[in-house]
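Below is query15.cif, which holds mmCIF, C-alpha atoms.
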data_start
loop_
_atom_site.label_atom_id
_atom_site.label_comp_id
_atom_site.auth_asym_id
_atom_site.auth_seq_id
_atom_site.Cartn_x
_atom_site.Cartn_y
_atom_site.Cartn_z
CA MET C 1 -170.96 92.33 119.67
CA ASP C 2 -172.18 90.42 116.59
CA ARG C 3 -171.44 86.76 115.87
CA SER C 4 -168.69 87.47 113.33
CA SER C 5 -166.84 89.60 115.90
CA LYS C 6 -167.07 86.80 118.47
CA ASN C 7 -165.68 84.29 115.96
CA SER C 8 -162.89 86.71 115.08
CA ASP C 9 -161.93 87.09 118.77
CA LYS C 10 -161.96 83.33 119.22
CA ASN C 11 -159.69 82.75 116.24
CA LYS C 12 -157.10 85.13 117.66
CA ASN C 13 -156.27 82.51 120.33
CA ASP C 14 -157.11 79.44 118.25
CA PHE C 15 -153.53 78.21 117.81
CA SER C 16 -151.97 74.80 118.12
CA ARG C 17 -149.77 74.75 121.21
CA LEU C 18 -146.88 72.81 122.70
CA THR C 19 -146.76 72.11 126.41
CA SER C 20 -143.62 73.49 128.06
CA GLY C 21 -143.04 70.53 130.37
CA ILE C 22 -142.69 72.95 133.29
CA PRO C 23 -145.41 72.46 135.94
CA GLY C 24 -147.36 75.64 136.58
CA LEU C 25 -146.10 77.55 133.53
CA ASP C 26 -148.62 76.54 130.87
CA ASN C 27 -151.50 77.76 133.03
CA LEU C 28 -149.98 81.24 132.85
CA MET C 29 -149.91 81.33 129.04
CA ASN C 30 -153.15 79.91 127.72
CA GLY C 31 -152.00 76.30 127.62
CA GLY C 32 -148.47 76.43 126.25
CA PHE C 33 -146.22 77.82 123.53
CA ILE C 34 -147.68 78.40 120.08
CA LYS C 35 -146.19 75.91 117.63
CA GLY C 36 -143.63 77.52 115.36
CA HIS C 37 -143.08 80.52 117.61
CA ASN C 38 -139.75 81.51 119.14
CA ILE C 39 -139.19 82.45 122.76
CA VAL C 40 -136.24 84.38 124.11
CA LEU C 41 -135.45 83.27 127.67
CA ILE C 42 -133.69 86.06 129.54
CA GLY C 43 -131.84 85.76 132.83
CA PRO C 44 -128.57 86.04 134.74
CA ALA C 45 -126.18 83.18 135.39
CA GLY C 46 -127.65 80.72 137.88
CA ALA C 47 -131.26 81.63 137.20
CA GLY C 48 -132.10 78.26 135.67
CA LYS C 49 -132.02 78.91 131.91
CA THR C 50 -130.26 75.64 131.00
CA ILE C 51 -132.63 73.63 133.20
CA PHE C 52 -135.62 75.36 131.58
CA CYS C 53 -134.28 74.49 128.12
CA CYS C 54 -133.55 70.86 128.96
CA GLN C 55 -136.99 70.46 130.55
CA PHE C 56 -138.63 71.95 127.44
CA LEU C 57 -136.83 69.45 125.20
CA TRP C 58 -137.44 66.53 127.58
CA GLU C 59 -141.18 67.20 127.36
CA GLY C 60 -140.98 66.97 123.59
CA LEU C 61 -138.98 63.74 123.68
CA GLN C 62 -141.58 62.14 125.96
CA LYS C 63 -144.23 63.03 123.39
CA GLY C 64 -142.30 61.40 120.54
CA GLU C 65 -140.98 64.65 119.04
CA ASN C 66 -137.55 65.18 117.54
CA CYS C 67 -135.50 67.85 119.29
CA MET C 68 -132.25 69.78 118.88
CA TYR C 69 -130.00 71.59 121.35
CA ILE C 70 -127.47 74.00 119.85
CA THR C 71 -124.94 75.28 122.36
CA PHE C 72 -122.50 78.11 121.67
CA GLU C 73 -120.71 77.74 124.99
CA GLU C 74 -121.06 74.43 126.86
CA LEU C 75 -120.02 71.15 125.28
CA PRO C 76 -122.70 68.53 124.51
CA GLU C 77 -121.38 66.25 127.26
CA GLU C 78 -121.83 69.04 129.79
CA ILE C 79 -125.45 69.54 128.70
CA LYS C 80 -126.13 65.81 129.12
CA ILE C 81 -124.59 65.85 132.60
CA ASP C 82 -126.77 68.84 133.54
CA ALA C 83 -129.85 66.92 132.36
CA GLU C 84 -128.92 63.68 134.14
CA VAL C 85 -129.13 65.47 137.51
CA PHE C 86 -132.92 65.57 137.00
CA GLY C 87 -133.22 62.05 135.58
CA TRP C 88 -133.36 63.14 131.94
CA ASP C 89 -131.36 60.63 129.89
CA PHE C 90 -130.51 62.64 126.80
CA GLY C 91 -127.94 60.07 125.71
CA LYS C 92 -130.68 57.50 125.15
CA TYR C 93 -132.50 59.79 122.74
CA GLU C 94 -129.29 60.75 120.97
CA LYS C 95 -128.72 57.09 120.20
CA SER C 96 -132.27 56.66 118.91
CA GLY C 97 -131.90 59.72 116.66
CA ASN C 98 -134.65 61.73 118.37
CA LEU C 99 -132.24 64.27 119.87
CA ILE C 100 -129.34 66.20 118.38
CA ILE C 101 -127.00 68.09 120.70
CA THR C 102 -124.37 70.06 118.86
CA HIS C 103 -121.78 72.69 119.71
CA LYS C 104 -121.49 75.56 117.25
CA ASP C 105 -118.88 78.28 116.95
CA PRO C 106 -120.60 81.67 117.55
CA PHE C 107 -118.11 83.19 115.10
CA GLN C 108 -119.69 81.13 112.31
CA THR C 109 -123.25 82.43 112.61
CA THR C 110 -123.63 82.92 108.88
CA ASP C 111 -122.95 79.23 108.35
CA ILE C 112 -125.38 78.34 111.16
CA THR C 113 -128.18 80.42 109.69
CA THR C 114 -127.83 79.11 106.16
CA ARG C 115 -127.67 75.45 107.20
CA LEU C 116 -130.04 75.39 110.15
CA GLU C 117 -133.31 75.36 108.22
CA ASN C 118 -132.22 72.34 106.15
CA GLU C 119 -131.00 70.48 109.25
CA ILE C 120 -134.33 71.05 111.00
CA ARG C 121 -136.34 69.88 108.00
CA GLN C 122 -134.18 66.83 107.33
CA SER C 123 -134.36 65.66 110.94
CA ASN C 124 -138.03 66.68 111.37
CA ILE C 125 -137.20 68.81 114.41
CA SER C 126 -140.19 70.27 116.26
CA ARG C 127 -138.38 71.78 119.29
CA ILE C 128 -135.03 73.51 119.30
CA VAL C 129 -132.91 75.33 121.89
CA ILE C 130 -130.17 77.83 121.03
CA ASP C 131 -127.98 78.67 124.02
CA SER C 132 -126.94 81.49 124.14
CA VAL C 133 -127.61 84.13 121.48
CA SER C 134 -125.81 86.69 123.65
CA LEU C 135 -122.53 85.23 122.44
CA LEU C 136 -123.27 86.67 119.01
CA GLY C 137 -122.05 89.93 120.51
CA LEU C 138 -118.53 88.53 120.52
CA TYR C 139 -118.61 88.75 116.74
CA PHE C 140 -121.09 91.54 116.00
CA LYS C 141 -120.33 94.71 117.98
CA ASN C 142 -123.03 96.95 116.54
CA PRO C 143 -126.56 96.44 118.00
CA HIS C 144 -127.97 96.90 114.48
CA ASP C 145 -125.82 94.03 113.19
CA ILE C 146 -126.79 91.83 116.15
CA ARG C 147 -130.47 92.52 115.54
CA ARG C 148 -130.07 91.72 111.83
CA GLU C 149 -128.33 88.40 112.53
CA LEU C 150 -130.91 87.45 115.16
CA TYR C 151 -133.69 88.26 112.72
CA LYS C 152 -132.05 86.03 110.08
CA LEU C 153 -131.66 83.22 112.61
CA ILE C 154 -135.26 83.49 113.81
CA SER C 155 -136.53 83.67 110.21
CA ALA C 156 -134.80 80.37 109.48
CA LEU C 157 -136.41 78.78 112.54
CA LYS C 158 -139.86 80.06 111.59
CA SER C 159 -139.48 78.89 107.98
CA ALA C 160 -138.77 75.40 109.29
CA ASN C 161 -141.80 75.65 111.64
CA ALA C 162 -139.73 74.76 114.71
CA THR C 163 -140.69 75.99 118.17
CA ALA C 164 -137.53 77.55 119.56
CA VAL C 165 -136.22 78.74 122.91
CA LEU C 166 -133.25 81.09 122.62
CA THR C 167 -131.43 82.03 125.82
CA ALA C 168 -130.00 85.50 126.45
CA GLU C 169 -127.83 86.76 129.29
CA THR C 170 -128.84 89.88 131.18
CA ARG C 171 -126.71 92.91 131.90
CA GLU C 172 -125.11 92.79 135.32
CA GLU C 173 -126.55 96.16 136.34
CA LEU C 174 -130.05 95.40 134.96
CA GLU C 175 -131.18 91.85 135.70
CA PHE C 176 -134.27 92.09 133.49
CA VAL C 177 -132.65 93.58 130.36
CA PRO C 178 -130.92 91.30 127.84
CA ARG C 179 -127.27 92.05 127.27
CA PHE C 180 -127.69 93.89 123.97
CA GLY C 181 -131.22 95.20 124.43
CA VAL C 182 -132.46 93.86 121.08
CA GLU C 183 -132.99 90.14 121.68
CA GLU C 184 -136.62 90.26 122.79
CA TYR C 185 -137.68 92.71 120.09
CA VAL C 186 -137.15 90.18 117.30
CA ALA C 187 -138.79 87.27 119.14
CA ASP C 188 -142.46 86.24 119.33
CA SER C 189 -142.24 85.89 123.10
CA SER C 190 -139.95 86.84 125.95
CA ILE C 191 -139.72 85.26 129.39
CA VAL C 192 -137.53 86.61 132.18
CA LEU C 193 -136.00 84.52 134.96
CA PHE C 194 -134.99 86.50 138.06
CA TYR C 195 -132.52 85.27 140.66
CA THR C 196 -131.68 86.90 143.97
CA GLY C 197 -129.33 85.42 146.53
CA ILE C 198 -126.47 82.96 146.74
CA GLY C 199 -126.59 79.20 146.15
CA GLU C 200 -129.72 77.13 146.62
CA SER C 201 -131.05 79.53 149.23
CA GLY C 202 -131.62 82.20 146.59
CA PHE C 203 -135.07 83.34 145.48
CA ARG C 204 -136.14 82.72 141.90
CA SER C 205 -139.08 84.11 139.97
CA ILE C 206 -140.41 84.20 136.42
CA GLN C 207 -142.33 86.72 134.34
CA ILE C 208 -143.85 86.37 130.88
CA ARG C 209 -143.09 89.78 129.46
CA LYS C 210 -144.38 89.28 125.92
CA MET C 211 -146.25 86.51 124.10
CA ARG C 212 -147.88 87.21 120.78
CA ASN C 213 -151.42 85.97 120.15
CA THR C 214 -151.69 84.79 123.74
CA LYS C 215 -153.58 86.00 126.78
CA HIS C 216 -150.96 85.53 129.48
CA SER C 217 -150.17 86.50 133.04
CA THR C 218 -147.96 89.57 133.40
CA ASN C 219 -147.33 89.04 137.11
CA THR C 220 -144.03 87.85 138.51
CA HIS C 221 -144.39 84.30 139.85
CA PRO C 222 -142.02 82.43 142.17
CA PHE C 223 -140.48 79.17 141.00
CA GLU C 224 -138.25 76.56 142.54
CA ILE C 225 -135.77 74.06 141.17
CA THR C 226 -136.72 70.62 142.47
CA LYS C 227 -135.28 67.16 141.90
CA LYS C 228 -137.59 66.92 138.90
CA GLY C 229 -136.77 70.31 137.44
CA ILE C 230 -138.42 73.73 137.51
CA MET C 231 -141.83 74.16 139.13
CA VAL C 232 -143.68 77.48 138.86
CA HIS C 233 -146.01 78.68 141.61
CA ARG C 234 -148.77 81.24 141.24
CA SER C 235 -148.13 84.68 142.64
CA GLN C 236 -150.18 85.55 145.72
CA ILE C 237 -150.51 89.14 144.50
#
Could you take the file, read its structure, and then write that structure out as structure tokens?
Amino acid sequence: MDRSSKNSDKNKNDFSRLTSGIPGLDNLMNGGFIKGHNIVLIGPAGAGKTIFCCQFLWEGLQKGENCMYITFEELPEEIKIDAEVFGWDFGKYEKSGNLIITHKDPFQTTDITTRLENEIRQSNISRIVIDSVSLLGLYFKNPHDIRRELYKLISALKSANATAVLTAETREELEFVPRFGVEEYVADSSIVLFYTGIGESGFRSIQIRKMRNTKHSTNTHPFEITKKGIMVHRSQI
């Protein structure tokens, strides 16, 4: 291989990255999320999606970044209570203006898409969570329409250069497939959270299914929810 080819290969992974804030995860994906990329986080209820999102934003807040949490389902107060369980004081950062937590009506997605880019730019947002894009299906019944709206939403996020995590519910009969089967196709990356069992005795695992421009693990790795949040362990396989 000549020198120009080596330089070309190096540049393919020469991206600025954001740490996830989740111990053990960044080592599986070449150091973190690529800045400006969007990640769809797929999993059933109870898998840990909200904790993952809060931990991702908390990491940004500790690094002096401005963050935003858009929820289509839970109220902002409920998100803050979820975070407080792990010692993450979101209220403090709301008061300082570094964090915006807002509830949006999923039936007003057109309004969300058209305004979101301006809101991100005006508040200098670097990390954003949208929870959950699966609720778009309440308004758009056709998978083509859902895909179009998701593409518009993601385009707005990319134009504003925000790194985004978008959660998606899985189908009950297929725990690794997002509810409408289109969510991960429009995203730069997709991560699946698996959950088997009942209560805290259940077994949880994580798999990075897709991550553009990144050499990443494709194995399924166990993770646990501790008092400090999610911790990912390397697979023994």
Nearby residues, (-139.3, 75.3, 113.7) file frame, 12 Å, only C-alpha atoms, as a VMD selection string
chain C and resid 34 to 39 66 to 68 116 to 130 153 to 165
Go ahead and find all residues with at least one atom no further than 12 Å from (-149.6, 82.8, 131.9) in the file's coordinates, using all atoms listed in the file; report them as number ranges by chain.
C: 20, 23-33, 189, 191, 206-211, 214-221, 232-235
Calculate how many Å separate atom CA of Ile100 of chain C from atom CA of Asp131 of chain C, rounding to one decimal.
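Computing it gives 13.8 Å between the two atoms.
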Going by the chain IDs and residue numbers used in this file, which residues fall under the PyMOL selection byres ((chain C and resi 85-90) around 9)? Write them as a PDB file with C-alpha atoms, in the coordinates of the input.
ATOM      1  CA  ILE C  51    -132.630  73.630 133.200  1.00  0.00           C
ATOM      2  CA  CYS C  54    -133.550  70.860 128.960  1.00  0.00           C
ATOM      3  CA  GLN C  55    -136.990  70.460 130.550  1.00  0.00           C
ATOM      4  CA  TRP C  58    -137.440  66.530 127.580  1.00  0.00           C
ATOM      5  CA  ILE C  79    -125.450  69.540 128.700  1.00  0.00           C
ATOM      6  CA  LYS C  80    -126.130  65.810 129.120  1.00  0.00           C
ATOM      7  CA  ILE C  81    -124.590  65.850 132.600  1.00  0.00           C
ATOM      8  CA  ASP C  82    -126.770  68.840 133.540  1.00  0.00           C
ATOM      9  CA  ALA C  83    -129.850  66.920 132.360  1.00  0.00           C
ATOM     10  CA  GLU C  84    -128.920  63.680 134.140  1.00  0.00           C
ATOM     11  CA  GLY C  91    -127.940  60.070 125.710  1.00  0.00           C
ATOM     12  CA  LYS C  92    -130.680  57.500 125.150  1.00  0.00           C
ATOM     13  CA  TYR C  93    -132.500  59.790 122.740  1.00  0.00           C
ATOM     14  CA  GLU C  94    -129.290  60.750 120.970  1.00  0.00           C
ATOM     15  CA  LYS C  95    -128.720  57.090 120.200  1.00  0.00           C
ATOM     16  CA  LEU C  99    -132.240  64.270 119.870  1.00  0.00           C
ATOM     17  CA  ILE C 101    -127.000  68.090 120.700  1.00  0.00           C
ATOM     18  CA  THR C 226    -136.720  70.620 142.470  1.00  0.00           C
ATOM     19  CA  LYS C 227    -135.280  67.160 141.900  1.00  0.00           C
ATOM     20  CA  LYS C 228    -137.590  66.920 138.900  1.00  0.00           C
ATOM     21  CA  GLY C 229    -136.770  70.310 137.440  1.00  0.00           C
TER      22      GLY C 229
END
To one decimal place in Å, what is the distance between atom CA of Phe223 of chain C and atom CA of Leu61 of chain C?
23.2 Å
Evaluate the PyMOL selection byres ((chain C and resi 104) around 6) and record the selected residues as a PyMOL selection string, following the chain and residue labels used in the document.
chain C and resi 72+103+105
